[in-house]
There are 2 protein chains.
Amino acid sequence: MEKSSLWERQIKGKQSICFDYSPYIISSGCVVGKKEKEGPLGDLFDESSEDDLFGEKTWELAEGTMQQIACMQALNKAGETAEQVRFLYGGDLLRQGIATSMGLEKLQIPLFGLFGACSTSGEALALAAMSVAAGYGERMLAVTSSHFATAEKEFRFPLSYANQRPLCSSWTVTGSGAFLVGNRKSHVKITGVTIGKIVDYGITDSQNMGACMAPAACDTIFCNLEDFSYQEKEYDRIITGDLGEVGQSILFDLLSKKGKSIEKNHLDCGMLIFDKQTQNTNAGGSGCGCAAVTLSSYILPKLETGEWKKVLFVPTGALMSTVSHNEGESVPGIAHGIILEHED
Amino acid sequence: MEKSSLWERQIKGKQSICFDYSPYIISSGCVVGKKEKEGPLGDLFDESSEDDLFGEKTWELAEGTMQQIACMQALNKAGETAEQVRFLYGGDLLRQGIATSMGLEKLQIPLFGLFGACSTSGEALALAAMSVAAGYGERMLAVTSSHFATAEKEFRFPLSYANQRPLCSSWTVTGSGAFLVGNRKSHVKITGVTIGKIVDYGITDSQNMGACMAPAACDTIFCNLEDFSYQEKEYDRIITGDLGEVGQSILFDLLSKKGKSIEKNHLDCGMLIFDKQTQNTNAGGSGCGCAAVTLSSYILPKLETGEWKKVLFVPTGALMSTVSHNEGESVPGIAHGIILEHED
């Protein structure tokens with residue numbers, strides 16, 4: 001292969017890559033907390049914990065342990081070991097990514113620590129797929145997590161204040177999803193990715209994350225359709241990470257202004273994972289773990305059987321911290337698109 | 001090229017990649033604060049600020065602005081624009097990477113947000129080089145930053161407490177370094193990378209970061225030498241990020257136990273950037289910006305002229321947060337190795 005052809009062929013449009021050799025999602029693992037287990041997808045998860053502590057003494061250690069469990073689930077299902085994995089791409093929502101740092105040391109896999117807020121599962125899958133497709137290794141792991149209790153402590157109020165949640169707020173999912181990406185054939189392959197830009201519409205309400213992230217989701221979905229010259233309907237489903245109800249309606253509005261309509265084939269992981277009527281989760285689930293566990297438990301099986309042939313998976317993130325919020329800064333969003341296709 | 005050969009050839013040993021087509025560091029840019037400007041490398045930096053605020057109203061915005069300035073410096077020196085850059089790999093030390101989120105939106109480049117503590121400049125350079133070498137684009141930017149005032153607020157005590165610093169403590173560098181990595185020939189190329197694992201020796205003293213990071217630096221340097229079958233002396237210099245004096249002596253001890261000796265060709269960016277006698281910086285400089293600005297201002301020029309032919313650049317990170325520290329957790333380290341070589 002000529003150097004120059006290598007340097008041109010995979011570049012697709014403005015922000016996308018179309019892989020020469022599509023890597024596969026060989027297997028995945030997911031673990032959730034009690035509330036997620038009680039939700040509509042409850043029966044589909046690999047593992048759950050009754051007390052959300054997973055045998056640990058702090059919520060942060062519990063979240064790290066979830067990442068470890070999810071990775072081991074993915075490895076076990078594929079009959080592979082941590083030693084066979086070349087690089088690990090992982091992240092969480094906590095300051096300085098401590099759940100990842102504390103949870104993944106035991107695996108002893110070279111690590112790329114990531115942060116893209118709730119879009120991190122997309123970032124991790126994109127980089128893992130890019131690494132495999134480039135020949136940097138035959139197995140990569142992509143893992144993300146979030147935990148209701150660690151996120152409340154990090155971003156909101158002590159739980160014991162019992163403060164009220166606006167209807168547009170979301171409920172951080174306790175869960176972790178891990179994906180073994182590699183060159184071993186499975187029924188789901190990653191054929192392309194669209195990497196998102198930071199999109200800032202100036203929204204400062206950190207409780208309304210759907211509104212903060214919808215513009216980024218719109219940008220990435222629109223760019224994906226343009227870069228690959230796809231029609232909306234070519235995807236069986238376009239599935240965002242955790243826009244929730246408010247974010248979904250904004251996304252539809254924004255896309256329709258750009259002449260695109262995804263109402264008929266759009267799903268949102270945050271709206272799938274909880275039953276808002278009985279679970280009191282307002283706009284829906286959110287967090288780094290939300291899109292990851294929904295992909296592992298609900299989306300991948302439908303791609304494996306071929307019920308869906310082609311899905312655009314778009315985890316969405318709100319780039320904020322308590323410091324930026326307290327200083328009055330707006331909450332920019334980011335979203336990455338992963339094209340998942342069934343292979344017989 | 002056969003799929004299988006592509007999938008084997010670049011893999012080197014346990015944790016390393018040897019690029020088929022080595023990407024170049026086309027240009028770099030760096031910006032620092034007042035204290036760094038007054039240090040031994042002062043004359044080498046592209047830009048500095050008298051008040052460390054860079055015209056902004058908060059330290060966090062100032063840090064974001066530094067990232068933007070460093071990126072623009074790198075682009076301007078190469079005569080290129082942000083539109084020509086395909087992906088940006090960036091990070092900082094702040095919770096949820098807000099300096100990166102707030103500073104880089106204006107560039108409108110698809111972003112991979114990273115966190116590897118002070119090792120992030122290595123992580124960013126590795127991923128940028130991997131992306132270019134794989135043909136995912138012709139130009140990538142790698143950028144990191146740290147700021148004394150944002151880091152003190154994030155990790156330590158309010159400055160006005162005036163608390164004492166132990167001799168093993170380090171001084172967070174106010175600065176940002178950006179690197180334009182691509183397929184356009186320059187005099188410095190990235191020929192390989194060694195990706196680090198999390199290494200935890202159980203140290204809980206967050207003021208002694210050199211001790212926390214030295215085991216990770218040892219692990220990565222040893223692995224690099226083994227993976228590439230190099231002798232220590234094949235490198236003109238092996239340059240760690242911010243071990244400081246305490247970390248350096250631990251690194252020498254640990255490596256000598258493994259039969260390696262780098263005393264003669266080791267440098268540490270943290271020890272280069274400040275004059276500890278006159279600048280009161282104790283063990284040395286630290287932070288995501290430390291290794292980045294030292295690479296841009298001091299190391300790259302020596303590689304460009306050919307004074308040094310081959311350098312192993314090893315940014316080191318201490319994976320901790322105030323939450324993990326307050327919960328009594330140890331501070332694991334991580335380090336990534338970047339092989340930089342002169343080309344005529």
# chains A, B, ... in the order shown; residues from 1 in each chain; ligands from 1
call {"tool": "interface_residues", "arguments": {"of": "chain A", "to": "chain B", "cutoff": "6 Å", "atoms": "only C-alpha atoms", "output": "short mmCIF file (atom, residue, chain, number, x, y, z; two decimals) with N, CA, C and O atoms, in the first residue's frame"}}
result
data_model
loop_
_atom_site.label_atom_id
_atom_site.label_comp_id
_atom_site.auth_asym_id
_atom_site.auth_seq_id
_atom_site.Cartn_x
_atom_site.Cartn_y
_atom_site.Cartn_z
N MET A 1 0.84 -1.20 0.00
CA MET A 1 0.00 0.00 0.00
C MET A 1 0.88 1.25 0.00
O MET A 1 1.84 1.34 0.75
N LEU A 6 -2.67 5.47 1.75
CA LEU A 6 -3.03 5.23 3.14
C LEU A 6 -3.47 6.54 3.79
O LEU A 6 -4.37 6.58 4.63
N TRP A 7 -2.82 7.61 3.38
CA TRP A 7 -3.10 8.90 3.99
C TRP A 7 -4.30 9.62 3.41
O TRP A 7 -4.55 10.75 3.70
N ILE A 11 -10.13 8.89 5.17
CA ILE A 11 -10.70 10.18 5.55
C ILE A 11 -12.03 10.38 4.83
O ILE A 11 -12.10 10.27 3.62
N ARG A 95 -14.07 13.82 38.95
CA ARG A 95 -12.91 14.67 38.77
C ARG A 95 -11.66 13.81 38.65
O ARG A 95 -11.48 12.84 39.37
N GLN A 96 -10.82 14.17 37.68
CA GLN A 96 -9.58 13.44 37.42
C GLN A 96 -9.82 11.94 37.21
O GLN A 96 -8.95 11.12 37.54
N GLU A 105 -6.52 -0.58 37.58
CA GLU A 105 -5.11 -0.90 37.81
C GLU A 105 -4.88 -2.41 37.78
O GLU A 105 -3.90 -2.88 37.22
N GLN A 108 -3.95 -4.27 34.52
CA GLN A 108 -2.58 -4.11 34.00
C GLN A 108 -2.53 -4.07 32.47
O GLN A 108 -1.70 -4.75 31.83
N ILE A 109 -3.43 -3.28 31.92
CA ILE A 109 -3.45 -3.07 30.47
C ILE A 109 -3.01 -1.61 30.22
O ILE A 109 -3.49 -0.72 30.92
N PRO A 110 -2.13 -1.36 29.27
CA PRO A 110 -1.76 0.02 28.95
C PRO A 110 -3.02 0.87 28.72
O PRO A 110 -3.91 0.45 27.97
N LEU A 111 -3.07 2.03 29.37
CA LEU A 111 -4.32 2.78 29.46
C LEU A 111 -4.27 4.16 28.83
O LEU A 111 -3.33 4.91 29.05
N GLY A 113 -6.50 7.30 29.34
CA GLY A 113 -7.59 7.87 30.13
C GLY A 113 -8.30 8.94 29.32
O GLY A 113 -7.66 9.78 28.70
N LEU A 114 -9.62 8.91 29.33
CA LEU A 114 -10.40 9.81 28.49
C LEU A 114 -11.36 10.64 29.31
O LEU A 114 -11.81 10.22 30.36
N PHE A 115 -11.70 11.82 28.79
CA PHE A 115 -12.84 12.53 29.33
C PHE A 115 -13.63 13.22 28.23
O PHE A 115 -13.10 14.08 27.52
N GLY A 116 -14.89 12.84 28.12
CA GLY A 116 -15.78 13.51 27.18
C GLY A 116 -17.16 13.60 27.78
O GLY A 116 -18.15 13.53 27.08
N ALA A 134 -6.05 0.29 12.55
CA ALA A 134 -4.72 0.74 12.13
C ALA A 134 -3.66 -0.32 12.33
O ALA A 134 -2.52 -0.13 11.92
N GLY A 135 -4.02 -1.41 12.99
CA GLY A 135 -3.04 -2.47 13.21
C GLY A 135 -2.18 -2.27 14.44
O GLY A 135 -1.08 -2.82 14.53
N TYR A 136 -2.66 -1.49 15.39
CA TYR A 136 -1.89 -1.28 16.62
C TYR A 136 -2.14 -2.37 17.66
O TYR A 136 -1.64 -2.28 18.78
N ILE A 195 -16.24 12.13 14.59
CA ILE A 195 -15.77 12.72 15.84
C ILE A 195 -16.37 14.11 16.01
O ILE A 195 -16.35 14.92 15.09
N GLY A 196 -16.93 14.35 17.20
CA GLY A 196 -17.65 15.60 17.44
C GLY A 196 -16.77 16.77 17.84
O GLY A 196 -15.69 16.60 18.38
N LYS A 197 -17.27 17.96 17.55
CA LYS A 197 -16.65 19.21 17.98
C LYS A 197 -17.38 19.70 19.24
O LYS A 197 -18.50 19.29 19.52
N ILE A 198 -16.74 20.62 19.94
CA ILE A 198 -17.44 21.27 21.05
C ILE A 198 -18.46 22.25 20.47
O ILE A 198 -18.13 23.06 19.62
N SER A 321 -18.09 21.44 34.91
CA SER A 321 -17.68 20.99 36.23
C SER A 321 -18.33 21.93 37.23
O SER A 321 -18.89 22.96 36.84
#
call {"tool": "residues_around", "arguments": {"residues": "Val85 of chain B", "least_positions_apart": "6", "cutoff": "7 Å", "atoms": "only C-alpha atoms", "output": "list in words"}}
result
Ile109, Arg139, Met140 and Leu141 of chain B
call {"tool": "write_last_selection", "arguments": {"atoms": "all heavy atoms", "output": "short mmCIF file (atom, residue, chain, number, x, y, z; two decimals), in the first residue's frame"}}
result
data_model
loop_
_atom_site.label_atom_id
_atom_site.label_comp_id
_atom_site.auth_asym_id
_atom_site.auth_seq_id
_atom_site.Cartn_x
_atom_site.Cartn_y
_atom_site.Cartn_z
N ILE B 109 -12.38 22.20 16.09
CA ILE B 109 -11.73 21.00 15.59
C ILE B 109 -12.33 19.82 16.35
O ILE B 109 -12.48 19.90 17.57
CB ILE B 109 -10.20 21.05 15.85
CG1 ILE B 109 -9.58 22.30 15.21
CG2 ILE B 109 -9.53 19.78 15.32
CD1 ILE B 109 -8.13 22.54 15.61
N ARG B 139 -3.15 16.21 9.58
CA ARG B 139 -2.74 17.13 10.63
C ARG B 139 -3.53 16.84 11.90
O ARG B 139 -4.76 16.75 11.84
CB ARG B 139 -3.03 18.59 10.24
CG ARG B 139 -2.32 19.06 8.99
CD ARG B 139 -0.84 19.29 9.20
NE ARG B 139 -0.24 19.83 7.99
CZ ARG B 139 0.19 19.09 6.96
NH1 ARG B 139 0.10 17.77 7.00
NH2 ARG B 139 0.74 19.66 5.91
N MET B 140 -2.84 16.72 13.00
CA MET B 140 -3.50 16.57 14.30
C MET B 140 -2.85 17.58 15.24
O MET B 140 -1.67 17.90 15.10
CB MET B 140 -3.28 15.18 14.89
CG MET B 140 -3.63 14.03 13.97
SD MET B 140 -5.40 13.77 13.81
CE MET B 140 -5.43 12.65 12.40
N LEU B 141 -3.59 18.03 16.24
CA LEU B 141 -2.99 18.87 17.28
C LEU B 141 -3.03 18.12 18.59
O LEU B 141 -4.02 17.45 18.91
CB LEU B 141 -3.78 20.18 17.41
CG LEU B 141 -3.25 21.40 16.64
CD1 LEU B 141 -4.27 22.53 16.72
CD2 LEU B 141 -1.90 21.89 17.16
#
call {"tool": "atom_distance", "arguments": {"atom1": "atom CA of Gly317 of chain B", "atom2": "atom CA of Asp242 of chain B"}}
result
8.1 Å
call {"tool": "closest_residue", "arguments": {"among": "B:Gly328, B:Gly287, B:Gly55, B:Gly306", "to": "Lys189 of chain B", "atoms": "only C-alpha atoms"}}
result
B:Gly306
call {"tool": "residues_around", "arguments": {"residues": "Val31 of chain B", "least_positions_apart": "6", "cutoff": "8 Å", "atoms": "only C-alpha atoms", "output": "list in words"}}
result
Phe45, Asp46, Glu47, Ser48, Met66, Ile69, Ala70, Gly175, Ser176, Gly177 and Val293 of chain B
call {"tool": "closest_residue", "arguments": {"among": "B:Gly270, B:Pro215, B:Gly247, B:Gly182", "to": "Ser27 of chain B", "atoms": "only C-alpha atoms"}}
result
B:Gly182
call {"tool": "closest_residue", "arguments": {"among": "A:Arg237, A:Tyr230, A:Thr281, A:Ala211", "to": "Asp253 of chain A", "atoms": "only C-alpha atoms"}}
result
A:Ala211
call {"tool": "atom_distance", "arguments": {"atom1": "atom CA of Glu341 of chain A", "atom2": "atom CA of Lys309 of chain A"}}
result
5.5 Å
call {"tool": "select_by_dssp", "arguments": {"residues": "segment 27-99 of chain B", "states": "helix (DSSP H, G or I)", "output": "number ranges by chain"}}
result
B: 34-37, 42-44, 59-78, 82-84, 95-99
call {"tool": "closest_residue", "arguments": {"among": "B:Arg184, B:Lys276, B:Lys310, B:His342", "to": "Ser169 of chain B", "atoms": "only C-alpha atoms"}}
result
B:Lys276
call {"tool": "select_by_dssp", "arguments": {"residues": "segment 127-332 of chain A", "states": "strand (DSSP E or B)", "output": "JSON, numbers by chain"}}
result
{"A": [139, 140, 141, 142, 143, 144, 145, 146, 170, 171, 172, 175, 176, 177, 178, 179, 180, 181, 182, 188, 189, 190, 191, 192, 193, 194, 199, 237, 238, 239, 240, 266, 267, 268, 284, 285, 286, 310, 311, 312, 313, 314, 316, 317, 318]}
call {"tool": "residues_around", "arguments": {"residues": "Leu225 of chain B", "least_positions_apart": "2", "cutoff": "10 Å", "atoms": "only C-alpha atoms", "output": "PyMOL selection string"}}
result
chain B and resi 13+194+220-223+227-232+234-235+260+312
